[in-house]
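File shown: coords-v4.cif (mmCIF, C-alpha atoms and all ligand atoms).
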```
data_target
#
loop_
_atom_site.label_atom_id
_atom_site.label_comp_id
_atom_site.auth_asym_id
_atom_site.auth_seq_id
_atom_site.Cartn_x
_atom_site.Cartn_y
_atom_site.Cartn_z
CA MET A 212 53.60 -41.71 -59.75
CA ALA A 213 53.91 -45.39 -60.59
CA THR A 214 53.00 -48.18 -58.19
CA PRO A 215 55.99 -50.52 -57.77
CA VAL A 216 55.95 -54.20 -58.67
CA VAL A 217 56.01 -55.72 -55.21
CA ALA A 218 57.51 -59.14 -55.97
CA THR A 219 57.34 -60.98 -52.69
CA SER A 220 55.90 -64.25 -51.40
CA THR A 221 55.70 -63.08 -47.80
CA PHE A 222 55.79 -60.01 -45.56
CA VAL A 223 57.73 -59.15 -42.44
CA ALA A 224 55.56 -59.97 -39.40
CA GLY A 225 53.73 -57.12 -37.72
CA GLY A 226 52.63 -55.29 -40.91
CA VAL A 227 49.19 -55.08 -42.50
CA ARG A 228 49.77 -58.02 -44.88
CA GLY A 229 50.68 -61.55 -43.83
CA TYR A 230 51.44 -63.68 -46.87
CA GLY A 231 51.61 -63.38 -50.66
CA ARG A 232 48.47 -65.43 -51.37
CA TYR A 233 46.36 -63.17 -49.15
CA ALA A 234 47.32 -59.73 -50.38
CA ASN A 235 49.81 -57.74 -52.44
CA PRO A 236 50.19 -53.94 -52.76
CA THR A 237 50.44 -54.09 -56.58
CA TRP A 238 47.18 -56.06 -56.86
CA GLU A 239 45.59 -53.63 -54.44
CA ALA A 240 46.49 -50.61 -56.59
CA PHE A 241 44.84 -52.28 -59.60
CA GLU A 242 41.83 -53.36 -57.53
CA GLN A 243 41.29 -49.83 -56.22
CA ALA A 244 41.42 -48.39 -59.72
CA VAL A 245 38.90 -50.89 -61.14
CA GLY A 246 36.79 -50.62 -57.98
CA SER A 247 36.46 -46.88 -58.46
CA LEU A 248 35.42 -47.41 -62.09
CA GLU A 249 32.79 -50.00 -61.12
CA GLY A 250 31.57 -48.36 -57.92
CA GLY A 251 32.31 -51.32 -55.68
CA THR A 252 34.97 -53.46 -54.00
CA CYS A 253 37.03 -55.32 -56.59
CA LEU A 254 39.30 -58.33 -56.23
CA SER A 255 41.75 -59.43 -58.89
CA PHE A 256 42.37 -63.02 -59.94
CA ALA A 257 44.89 -64.99 -61.97
CA SER A 258 42.55 -65.08 -64.99
CA GLY A 259 39.04 -64.19 -66.02
CA MET A 260 38.04 -67.77 -65.25
CA GLY A 261 39.54 -67.40 -61.77
CA ALA A 262 37.11 -64.52 -61.20
CA VAL A 263 34.23 -66.46 -62.79
CA SER A 264 34.92 -69.50 -60.55
CA ALA A 265 34.98 -67.43 -57.39
CA THR A 266 31.79 -65.60 -58.40
CA VAL A 267 29.88 -68.78 -59.23
CA ALA A 268 30.98 -70.30 -55.91
CA ALA A 269 30.13 -67.15 -53.95
CA LEU A 270 26.64 -66.81 -55.45
CA ALA A 271 25.53 -70.37 -56.17
CA GLY A 272 28.13 -72.88 -55.04
CA GLU A 273 27.29 -72.80 -51.38
CA ARG A 274 23.51 -72.74 -51.67
CA GLU A 275 21.71 -76.01 -51.19
CA GLY A 276 18.84 -77.35 -53.27
CA GLU A 277 17.98 -77.96 -56.85
CA GLU A 278 17.54 -74.35 -57.90
CA ALA A 279 18.65 -73.67 -61.46
CA VAL A 280 21.25 -71.36 -62.94
CA VAL A 281 20.16 -69.28 -65.95
CA VAL A 282 22.94 -68.74 -68.51
CA PRO A 283 23.24 -66.96 -71.87
CA SER A 284 22.76 -69.37 -74.79
CA ASP A 285 25.82 -67.88 -76.52
CA GLY A 286 27.73 -67.11 -73.31
CA TYR A 287 31.49 -67.47 -73.00
CA HIS A 288 31.69 -71.23 -73.39
CA THR A 289 34.20 -71.95 -70.62
CA ALA A 290 32.08 -70.07 -68.07
CA VAL A 291 28.97 -71.98 -69.13
CA ASP A 292 30.91 -75.28 -68.91
CA LEU A 293 32.02 -74.42 -65.38
CA ILE A 294 28.45 -73.57 -64.34
CA THR A 295 27.20 -76.83 -65.86
CA ARG A 296 29.60 -78.71 -63.57
CA LEU A 297 27.87 -77.33 -60.47
CA GLY A 298 25.35 -80.13 -60.95
CA ARG A 299 22.41 -77.73 -60.79
CA PRO A 300 19.85 -77.56 -63.61
CA VAL A 301 21.06 -75.10 -66.26
CA ARG A 302 18.59 -73.02 -68.29
CA SER A 303 20.14 -71.61 -71.43
CA VAL A 304 18.40 -68.50 -72.78
CA SER A 305 19.17 -65.71 -75.24
CA MET A 306 20.03 -62.62 -73.16
CA ALA A 307 18.35 -60.43 -75.80
CA ASP A 308 15.02 -62.21 -75.21
CA THR A 309 14.01 -60.41 -72.01
CA ASP A 310 10.69 -62.26 -71.62
CA ALA A 311 12.41 -65.65 -71.95
CA VAL A 312 15.06 -64.73 -69.38
CA VAL A 313 12.42 -63.51 -66.92
CA ALA A 314 10.35 -66.68 -67.49
CA ALA A 315 13.44 -68.78 -66.67
CA LEU A 316 14.00 -67.05 -63.31
CA ASP A 317 11.33 -68.83 -61.27
CA GLY A 318 13.04 -71.29 -58.96
CA ALA A 319 16.52 -70.18 -60.03
CA ALA A 320 19.43 -69.51 -57.67
CA LEU A 321 21.55 -67.46 -60.05
CA LEU A 322 21.21 -65.48 -63.26
CA TRP A 323 24.52 -65.35 -65.13
CA VAL A 324 24.41 -62.45 -67.59
CA GLU A 325 26.86 -61.46 -70.26
CA SER A 326 26.32 -58.13 -71.97
CA PRO A 327 27.15 -57.82 -74.77
CA THR A 328 27.42 -61.60 -75.17
CA ASN A 329 30.46 -63.17 -76.70
CA PRO A 330 30.39 -63.76 -79.71
CA LEU A 331 26.81 -62.93 -80.83
CA LEU A 332 27.04 -59.47 -79.20
CA GLU A 333 23.50 -59.57 -77.81
CA VAL A 334 22.63 -56.87 -75.29
CA ALA A 335 20.68 -57.65 -72.12
CA ASP A 336 18.01 -55.31 -70.75
CA LEU A 337 19.76 -55.13 -67.38
CA PRO A 338 17.31 -52.88 -65.46
CA THR A 339 14.36 -55.16 -66.33
CA LEU A 340 16.28 -58.38 -65.66
CA LEU A 341 17.61 -57.11 -62.33
CA ASP A 342 14.17 -56.02 -61.16
CA ALA A 343 12.73 -59.41 -62.08
CA ALA A 344 15.60 -61.27 -60.40
CA ARG A 345 15.43 -59.18 -57.22
CA SER A 346 11.69 -59.72 -56.80
CA ARG A 347 12.29 -63.51 -57.00
CA GLY A 348 15.34 -63.61 -54.73
CA VAL A 349 17.62 -64.67 -57.60
CA ARG A 350 21.26 -63.56 -57.39
CA VAL A 351 22.74 -61.89 -60.48
CA ALA A 352 26.27 -61.84 -61.84
CA VAL A 353 27.14 -59.81 -64.95
CA ASP A 354 30.18 -60.57 -67.07
CA ALA A 355 30.78 -57.14 -68.61
CA THR A 356 34.13 -57.99 -70.24
CA ALA A 357 33.02 -56.89 -73.70
CA ALA A 358 31.52 -53.60 -72.45
CA THR A 359 34.18 -52.47 -69.96
CA PRO A 360 33.17 -50.27 -66.98
CA LEU A 361 33.28 -47.28 -69.33
CA ARG A 362 30.22 -48.57 -71.19
CA LEU A 363 28.36 -50.61 -68.55
CA ARG A 364 28.42 -50.53 -64.73
CA PRO A 365 26.25 -53.44 -63.59
CA LEU A 366 26.65 -52.69 -59.87
CA GLU A 367 24.81 -49.40 -60.42
CA HIS A 368 21.87 -51.45 -61.72
CA GLY A 369 21.96 -53.65 -58.61
CA ALA A 370 23.93 -56.69 -59.84
CA ASP A 371 25.41 -58.76 -57.00
CA VAL A 372 28.73 -59.19 -58.77
CA VAL A 373 30.37 -57.76 -61.88
CA VAL A 374 33.03 -59.90 -63.56
CA HIS A 375 35.71 -59.00 -66.10
CA ALA A 376 38.37 -60.90 -67.94
CA ALA A 377 40.99 -58.18 -67.38
CA THR A 378 42.92 -60.17 -69.99
CA LYS A 379 40.88 -58.23 -72.55
CA TYR A 380 40.15 -54.47 -72.57
CA LEU A 381 41.14 -53.53 -69.01
CA SER A 382 44.79 -54.48 -69.55
CA GLY A 383 44.46 -54.03 -73.31
CA HIS A 384 47.79 -55.22 -74.73
CA SER A 385 47.41 -59.01 -75.16
CA ASP A 386 50.27 -59.57 -72.73
CA LEU A 387 48.67 -61.08 -69.61
CA LEU A 388 45.80 -63.07 -68.13
CA MET A 389 43.87 -61.58 -65.21
CA GLY A 390 40.33 -61.39 -63.90
CA VAL A 391 38.31 -59.07 -61.68
CA ALA A 392 35.19 -59.60 -59.59
CA GLY A 393 33.48 -56.63 -57.95
CA THR A 394 30.57 -56.19 -55.56
CA THR A 395 28.95 -53.63 -53.25
CA ASP A 396 27.99 -56.27 -50.68
CA ALA A 397 30.48 -56.86 -47.84
CA ASP A 398 29.37 -60.47 -47.32
CA THR A 399 29.82 -61.30 -51.01
CA ALA A 400 33.22 -59.57 -51.01
CA GLU A 401 34.29 -61.77 -48.11
CA ARG A 402 33.19 -64.91 -49.94
CA LEU A 403 35.06 -63.90 -53.06
CA LEU A 404 38.18 -63.25 -51.01
CA ALA A 405 37.83 -66.58 -49.17
CA HIS A 406 37.52 -68.39 -52.51
CA ARG A 407 40.59 -66.67 -53.93
CA THR A 408 42.65 -67.42 -50.84
CA LEU A 409 41.51 -71.06 -50.57
CA HIS A 410 41.67 -71.93 -54.28
CA GLY A 411 44.76 -69.84 -54.89
CA ALA A 412 43.91 -68.18 -58.24
CA VAL A 413 45.93 -65.09 -57.34
CA PRO A 414 47.53 -62.83 -59.96
CA GLY A 415 51.26 -62.27 -60.21
CA ALA A 416 52.59 -58.91 -59.07
CA PHE A 417 54.05 -58.18 -62.52
CA GLU A 418 50.73 -58.98 -64.23
CA ALA A 419 48.92 -56.63 -61.85
CA TRP A 420 51.46 -53.92 -62.61
CA LEU A 421 51.05 -54.39 -66.36
CA ALA A 422 47.26 -54.40 -66.00
CA LEU A 423 47.38 -51.13 -64.06
CA ARG A 424 49.61 -49.64 -66.72
CA GLY A 425 47.21 -50.76 -69.44
CA LEU A 426 44.18 -49.49 -67.53
CA ARG A 427 45.54 -45.93 -67.64
CA THR A 428 44.85 -45.72 -71.37
CA LEU A 429 41.52 -47.59 -71.41
CA PRO A 430 39.38 -44.56 -72.35
CA VAL A 431 41.70 -43.53 -75.17
CA ARG A 432 42.05 -47.06 -76.55
CA LEU A 433 38.34 -47.75 -76.32
CA ASP A 434 37.23 -44.46 -77.91
CA ARG A 435 39.58 -44.99 -80.83
CA ALA A 436 38.74 -48.67 -81.37
CA GLU A 437 35.02 -47.97 -81.02
CA ALA A 438 35.09 -45.14 -83.59
CA THR A 439 36.84 -47.50 -86.01
CA ALA A 440 34.43 -50.35 -85.23
CA ARG A 441 31.48 -48.09 -86.13
CA VAL A 442 32.98 -47.25 -89.51
CA LEU A 443 33.87 -50.87 -90.24
CA ALA A 444 30.44 -52.17 -89.14
CA ALA A 445 28.70 -49.74 -91.53
CA ARG A 446 30.95 -50.63 -94.46
CA LEU A 447 30.71 -54.37 -93.76
CA GLY A 448 26.94 -54.07 -93.81
CA ALA A 449 27.16 -52.97 -97.44
CA HIS A 450 29.80 -55.58 -98.46
CA GLU A 451 28.56 -58.22 -100.88
CA ALA A 452 30.63 -61.00 -99.25
CA VAL A 453 28.96 -60.38 -95.88
CA SER A 454 25.52 -61.78 -95.10
CA ARG A 455 25.10 -60.32 -91.61
CA VAL A 456 26.78 -57.82 -89.30
CA ARG A 457 26.29 -57.81 -85.55
CA TYR A 458 27.36 -54.60 -83.84
CA PRO A 459 25.61 -53.35 -80.70
CA GLY A 460 26.50 -49.71 -81.42
CA LEU A 461 29.03 -49.54 -78.58
CA GLY A 462 32.37 -51.19 -77.99
CA ALA A 463 35.00 -52.52 -80.34
CA LEU A 464 33.76 -56.04 -81.16
CA VAL A 465 31.99 -56.68 -84.45
CA SER A 466 30.78 -60.12 -85.54
CA ILE A 467 30.12 -60.84 -89.20
CA GLU A 468 28.76 -63.79 -91.13
CA VAL A 469 30.09 -64.40 -94.62
CA HIS A 470 28.50 -66.11 -97.62
CA GLY A 471 30.03 -69.52 -98.34
CA GLY A 472 29.99 -71.14 -94.90
CA ALA A 473 32.85 -72.30 -92.69
CA GLU A 474 35.30 -72.86 -95.52
CA ARG A 475 34.96 -69.33 -96.86
CA ALA A 476 35.11 -67.87 -93.33
CA ASP A 477 38.33 -69.79 -92.65
CA ALA A 478 39.82 -68.42 -95.86
CA VAL A 479 38.90 -64.85 -94.88
CA ALA A 480 40.36 -65.26 -91.39
CA ALA A 481 43.58 -66.67 -92.85
CA GLY A 482 43.70 -64.14 -95.66
CA THR A 483 44.46 -60.90 -93.81
CA THR A 484 47.88 -59.50 -93.02
CA LEU A 485 47.26 -56.56 -90.66
CA TRP A 486 44.43 -58.33 -88.84
CA VAL A 487 45.90 -61.30 -86.99
CA GLN A 488 44.04 -64.61 -86.84
CA ALA A 489 43.97 -65.37 -83.12
CA THR A 490 41.48 -65.90 -80.35
CA SER A 491 40.82 -63.34 -77.58
CA PHE A 492 40.04 -59.64 -77.94
CA GLY A 493 40.46 -56.25 -76.34
CA GLY A 494 44.08 -55.53 -77.29
CA VAL A 495 45.51 -52.65 -79.30
CA GLU A 496 46.10 -55.00 -82.25
CA SER A 497 43.15 -56.08 -84.38
CA LEU A 498 42.36 -59.81 -84.24
CA LEU A 499 39.85 -61.97 -86.01
CA GLU A 500 38.75 -65.58 -85.83
CA ARG A 501 36.00 -67.93 -86.93
CA ARG A 502 34.51 -68.86 -83.59
CA ARG A 503 33.23 -72.30 -84.57
CA ARG A 504 36.81 -73.43 -85.23
CA TRP A 505 36.62 -74.27 -81.52
CA PRO A 506 34.71 -77.53 -81.02
CA SER A 507 33.47 -76.23 -77.66
CA GLU A 508 31.78 -73.15 -79.19
CA ARG A 509 27.95 -73.15 -78.90
CA ASP A 510 25.75 -74.45 -81.74
CA VAL A 511 23.79 -71.18 -81.76
CA VAL A 512 26.90 -69.49 -83.16
CA PRO A 513 26.74 -69.70 -86.99
CA GLU A 514 29.53 -71.70 -88.71
CA SER A 515 30.50 -68.72 -90.85
CA LEU A 516 30.66 -66.19 -87.99
CA ILE A 517 33.93 -64.28 -87.71
CA ARG A 518 34.48 -62.18 -84.60
CA LEU A 519 36.48 -59.02 -85.20
CA SER A 520 38.32 -57.43 -82.30
CA VAL A 521 39.03 -53.93 -83.55
CA GLY A 522 42.30 -52.44 -82.36
CA ILE A 523 43.74 -48.96 -82.64
CA GLU A 524 45.41 -49.15 -86.06
CA ASP A 525 44.47 -46.76 -88.85
CA VAL A 526 40.89 -47.34 -89.96
CA GLU A 527 41.70 -47.23 -93.69
CA ASP A 528 44.53 -49.75 -93.30
CA LEU A 529 42.17 -52.08 -91.43
CA TRP A 530 39.44 -51.67 -94.03
CA ALA A 531 41.76 -52.24 -97.01
CA ASP A 532 43.12 -55.45 -95.47
CA LEU A 533 39.70 -56.82 -94.52
CA ASP A 534 38.06 -55.82 -97.81
CA ALA A 535 40.84 -57.57 -99.75
CA ALA A 536 40.43 -60.79 -97.74
CA LEU A 537 36.64 -60.69 -98.17
CA THR A 538 36.82 -59.96 -101.89
CA ARG A 539 39.62 -62.35 -102.87
CA PRO A 540 38.14 -65.25 -104.90
C1 LIG A 601 38.02 -64.25 -72.04
C2 LIG A 601 36.75 -64.24 -71.28
C3 LIG A 601 36.64 -64.87 -70.04
C4 LIG A 601 37.75 -65.67 -69.44
O1 LIG A 601 38.93 -64.93 -69.23
P1 LIG A 601 40.37 -65.66 -69.12
O2 LIG A 601 41.28 -64.58 -68.71
O3 LIG A 601 40.65 -66.22 -70.49
O4 LIG A 601 40.25 -66.75 -68.12
C5 LIG A 601 35.43 -64.76 -69.37
N1 LIG A 601 34.38 -64.09 -69.89
C6 LIG A 601 34.46 -63.49 -71.10
C7 LIG A 601 33.26 -62.76 -71.63
C8 LIG A 601 35.63 -63.55 -71.83
O5 LIG A 601 35.69 -62.96 -73.03
#
```

I need this file expressed as structure tokens, please.
Amino acid sequence: MATPVVATSTFVAGGVRGYGRYANPTWEAFEQAVGSLEGGTCLSFASGMGAVSATVAALAGEREGEEAVVVPSDGYHTAVDLITRLGRPVRSVSMADTDAVVAALDGAALLWVESPTNPLLEVADLPTLLDAARSRGVRVAVDATAATPLRLRPLEHGADVVVHAATKYLSGHSDLLMGVAGTTDADTAERLLAHRTLHGAVPGAFEAWLALRGLRTLPVRLDRAEATARVLAARLGAHEAVSRVRYPGLGALVSIEVHGGAERADAVAAGTTLWVQATSFGGVESLLERRRRWPSERDVVPESLIRLSVGIEDVEDLWADLDAALTRP
């Protein structure tokens, strides 16, 4: 039943695989599982950023000219930093503002979408954006980490590449870093593979095994965390310490803004016991953090914004802990 951890750096000559940086049966089992969820060919990487790097290179890195890249204004900051280093003009737009995104596409090489965005949880109108991009010859990558393939399948809408930080929901237990890039185009798949092989951001066999193990429970984890997130989002909306709740109605991330600015938000994030103050999301344990504690976080993210990654604990335990931290003077 279970795929073995194939821990090997090389393979006996004459078989289907040549060397441990090119291929590994444990990665392949994970890739096939995610590929069937996404409806495309998936490759796994050593981290989400490994997948982002290969995707940016495959879709924009090798194209000449001064064509721009369009990025989400509150996109995952490391991905936006990497794109900025391409040396192409970067147009930063809110993914929820469909007209503004479409207006930014003229003369662009690549549209980099996140949906929902991290951490403002804005949702992109993918069918409209993909139509507009296709008619202008703009390539499109969608980072669907926060949605998971159970809530959004960008390849079905015609995206060139879908990207995930498998570090988050796909593996789901806060115990590894991995990334995935998927496509339905054979040429793009080849470029992604060439990038992985040349740059060497390959996952470990044990990480791939753990990710596959985690993936088996994705629907159960997500349904549970999402049901809890809905309850918490509604209650937070009525909480007097909270000035704004962002919840797209799906998924298990909720972002809140609290009255009292950064200082108060830091106190709330440090004041819980069941919720753990830590970055990242998508695990079975509930985490929270004030995003602007990171100097690299975008200015469009409010100082008092706390991102909640809802786990699978009991909803009333989570509420009691959060309510106490919000209410404490
Ligand atoms: C975490 C994350 C990444 C990067 O993943 P790593 O595994 O940390 O490299 C990329 N995109 C999004 C939306 C993320 O949340």

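As for atom CA of A:Glu333 and atom CA of A:Met306, they are spaced 6.6 Å apart.
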
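Within the 9 Å cut-off around A:Ser326, using only C-alpha atoms and omitting residues fewer than 3 positions from it on the same chain, the listed residues are A:Met306, A:Asn329, A:Leu332, A:Glu333, A:Val334, A:Ala335, A:Asp336, A:Leu337, A:Val353, A:Asp354, A:Ala355, A:Thr356, A:Ala357, A:Ala358, A:Leu363.
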
Convert the current residue selection to file output with C-alpha atoms, as a PDB file, in the frame of the given file.
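Output saved as out-v2.pdb:
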```pdb
ATOM      1  CA  MET A 306      20.030 -62.620 -73.160  1.00  0.00           C
ATOM      2  CA  ASN A 329      30.460 -63.170 -76.700  1.00  0.00           C
ATOM      3  CA  LEU A 332      27.040 -59.470 -79.200  1.00  0.00           C
ATOM      4  CA  GLU A 333      23.500 -59.570 -77.810  1.00  0.00           C
ATOM      5  CA  VAL A 334      22.630 -56.870 -75.290  1.00  0.00           C
ATOM      6  CA  ALA A 335      20.680 -57.650 -72.120  1.00  0.00           C
ATOM      7  CA  ASP A 336      18.010 -55.310 -70.750  1.00  0.00           C
ATOM      8  CA  LEU A 337      19.760 -55.130 -67.380  1.00  0.00           C
ATOM      9  CA  VAL A 353      27.140 -59.810 -64.950  1.00  0.00           C
ATOM     10  CA  ASP A 354      30.180 -60.570 -67.070  1.00  0.00           C
ATOM     11  CA  ALA A 355      30.780 -57.140 -68.610  1.00  0.00           C
ATOM     12  CA  THR A 356      34.130 -57.990 -70.240  1.00  0.00           C
ATOM     13  CA  ALA A 357      33.020 -56.890 -73.700  1.00  0.00           C
ATOM     14  CA  ALA A 358      31.520 -53.600 -72.450  1.00  0.00           C
ATOM     15  CA  LEU A 363      28.360 -50.610 -68.550  1.00  0.00           C
TER      16      LEU A 363
END
```

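A straight line drawn from atom CA of A:Trp486 to atom CA of A:Glu524 is 9.6 Å long.
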
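The space between atom CA of A:Val526 and atom CA of A:Ser497 spans 10.6 Å.
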
Please determine the residues with any atom at most 12 Å from (27.6, -52.5, -83.3) (coordinates as given in the file, with all atoms listed in the file counting) and report them as a JSON list (two decimals) with C-alpha atoms, in the coordinates of the input.
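To be explicit, this is the file written out as out.json:
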```json
[["chain", "number", "residue", "atom", "x", "y", "z"],
["A", 327, "PRO", "CA", 27.15, -57.82, -74.77],
["A", 331, "LEU", "CA", 26.81, -62.93, -80.83],
["A", 332, "LEU", "CA", 27.04, -59.47, -79.20],
["A", 333, "GLU", "CA", 23.50, -59.57, -77.81],
["A", 334, "VAL", "CA", 22.63, -56.87, -75.29],
["A", 357, "ALA", "CA", 33.02, -56.89, -73.70],
["A", 358, "ALA", "CA", 31.52, -53.60, -72.45],
["A", 436, "ALA", "CA", 38.74, -48.67, -81.37],
["A", 437, "GLU", "CA", 35.02, -47.97, -81.02],
["A", 438, "ALA", "CA", 35.09, -45.14, -83.59],
["A", 439, "THR", "CA", 36.84, -47.50, -86.01],
["A", 440, "ALA", "CA", 34.43, -50.35, -85.23],
["A", 441, "ARG", "CA", 31.48, -48.09, -86.13],
["A", 442, "VAL", "CA", 32.98, -47.25, -89.51],
["A", 443, "LEU", "CA", 33.87, -50.87, -90.24],
["A", 444, "ALA", "CA", 30.44, -52.17, -89.14],
["A", 445, "ALA", "CA", 28.70, -49.74, -91.53],
["A", 446, "ARG", "CA", 30.95, -50.63, -94.46],
["A", 447, "LEU", "CA", 30.71, -54.37, -93.76],
["A", 448, "GLY", "CA", 26.94, -54.07, -93.81],
["A", 455, "ARG", "CA", 25.10, -60.32, -91.61],
["A", 456, "VAL", "CA", 26.78, -57.82, -89.30],
["A", 457, "ARG", "CA", 26.29, -57.81, -85.55],
["A", 458, "TYR", "CA", 27.36, -54.60, -83.84],
["A", 459, "PRO", "CA", 25.61, -53.35, -80.70],
["A", 460, "GLY", "CA", 26.50, -49.71, -81.42],
["A", 461, "LEU", "CA", 29.03, -49.54, -78.58],
["A", 462, "GLY", "CA", 32.37, -51.19, -77.99],
["A", 463, "ALA", "CA", 35.00, -52.52, -80.34],
["A", 464, "LEU", "CA", 33.76, -56.04, -81.16],
["A", 465, "VAL", "CA", 31.99, -56.68, -84.45],
["A", 466, "SER", "CA", 30.78, -60.12, -85.54],
["A", 467, "ILE", "CA", 30.12, -60.84, -89.20],
["A", 518, "ARG", "CA", 34.48, -62.18, -84.60],
["A", 519, "LEU", "CA", 36.48, -59.02, -85.20],
["A", 520, "SER", "CA", 38.32, -57.43, -82.30],
["A", 521, "VAL", "CA", 39.03, -53.93, -83.55]]
```

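Counting all atoms listed in the file, the residue from A:Thr490, A:Ser303, A:Ser382, A:Ser346 that sits nearest to A:Leu433 is A:Ser382.
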
Show me which residues sit within 6 Å of ligand LIG 601 (chain A) when counting all atoms listed in the file, and put them as a PyMOL selection string. chain A and resi 258-260+287+329+354+356+376+378+388-390

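Proximity ranking of A:Gly348, A:Gly225, A:Gly286, A:Pro360 relative to A:Glu325 places A:Gly286 first, based on all atoms listed in the file.
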
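Distances to A:Leu297 were evaluated for A:Arg228, A:Val267, A:Glu451, A:Ala257 using only C-alpha atoms, and the minimum falls at A:Val267.
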
Restrict the calculation to all atoms listed in the file, then for each residue of stretch 384-454 of chain A with any atom at most 12 Å from an atom of stretch 219-224 of chain A give the closest atom pair and their distance in Å to one decimal, rows by chain and rising residue number, as CSV.
```
residue,atom,partner,partner_atom,distance
A:Val413,CA,A:Ser220,CA,11.6
A:Gly415,CA,A:Thr219,CA,9.8
A:Ala416,CA,A:Thr219,CA,8.2
A:Phe417,CA,A:Thr219,CA,10.7
```

Which one is closest to A:Arg407: A:Gly425, A:Gly261, A:Gly522, A:Pro283? Count all atoms listed in the file. A:Gly261

Dump as a list of chain:residue names all residues having an atom at most 8 Å from (43.6, -59.7, -87.3), computed in the file's coordinates with all atoms listed in the file. A:Ala480, A:Thr483, A:Thr484, A:Leu485, A:Trp486, A:Val487, A:Gln488, A:Ala489, A:Glu496, A:Ser497, A:Leu498, A:Leu499, A:Glu500, A:Leu519, A:Ser520

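Using all atoms listed in the file for every distance, the candidate list A:Arg539, A:Arg364, A:Arg302, A:Arg432 yields A:Arg302 as the residue closest to A:Ser284.
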
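For A:Arg424, the non-local neighbours within 10 Å, defined as residues at least 6 positions apart in the same chain or in other chains and counting all atoms listed in the file, are A:Ala213, A:Thr214, A:Phe241, A:Leu381, A:Ser382, A:Gly383, A:His384, A:Glu418.
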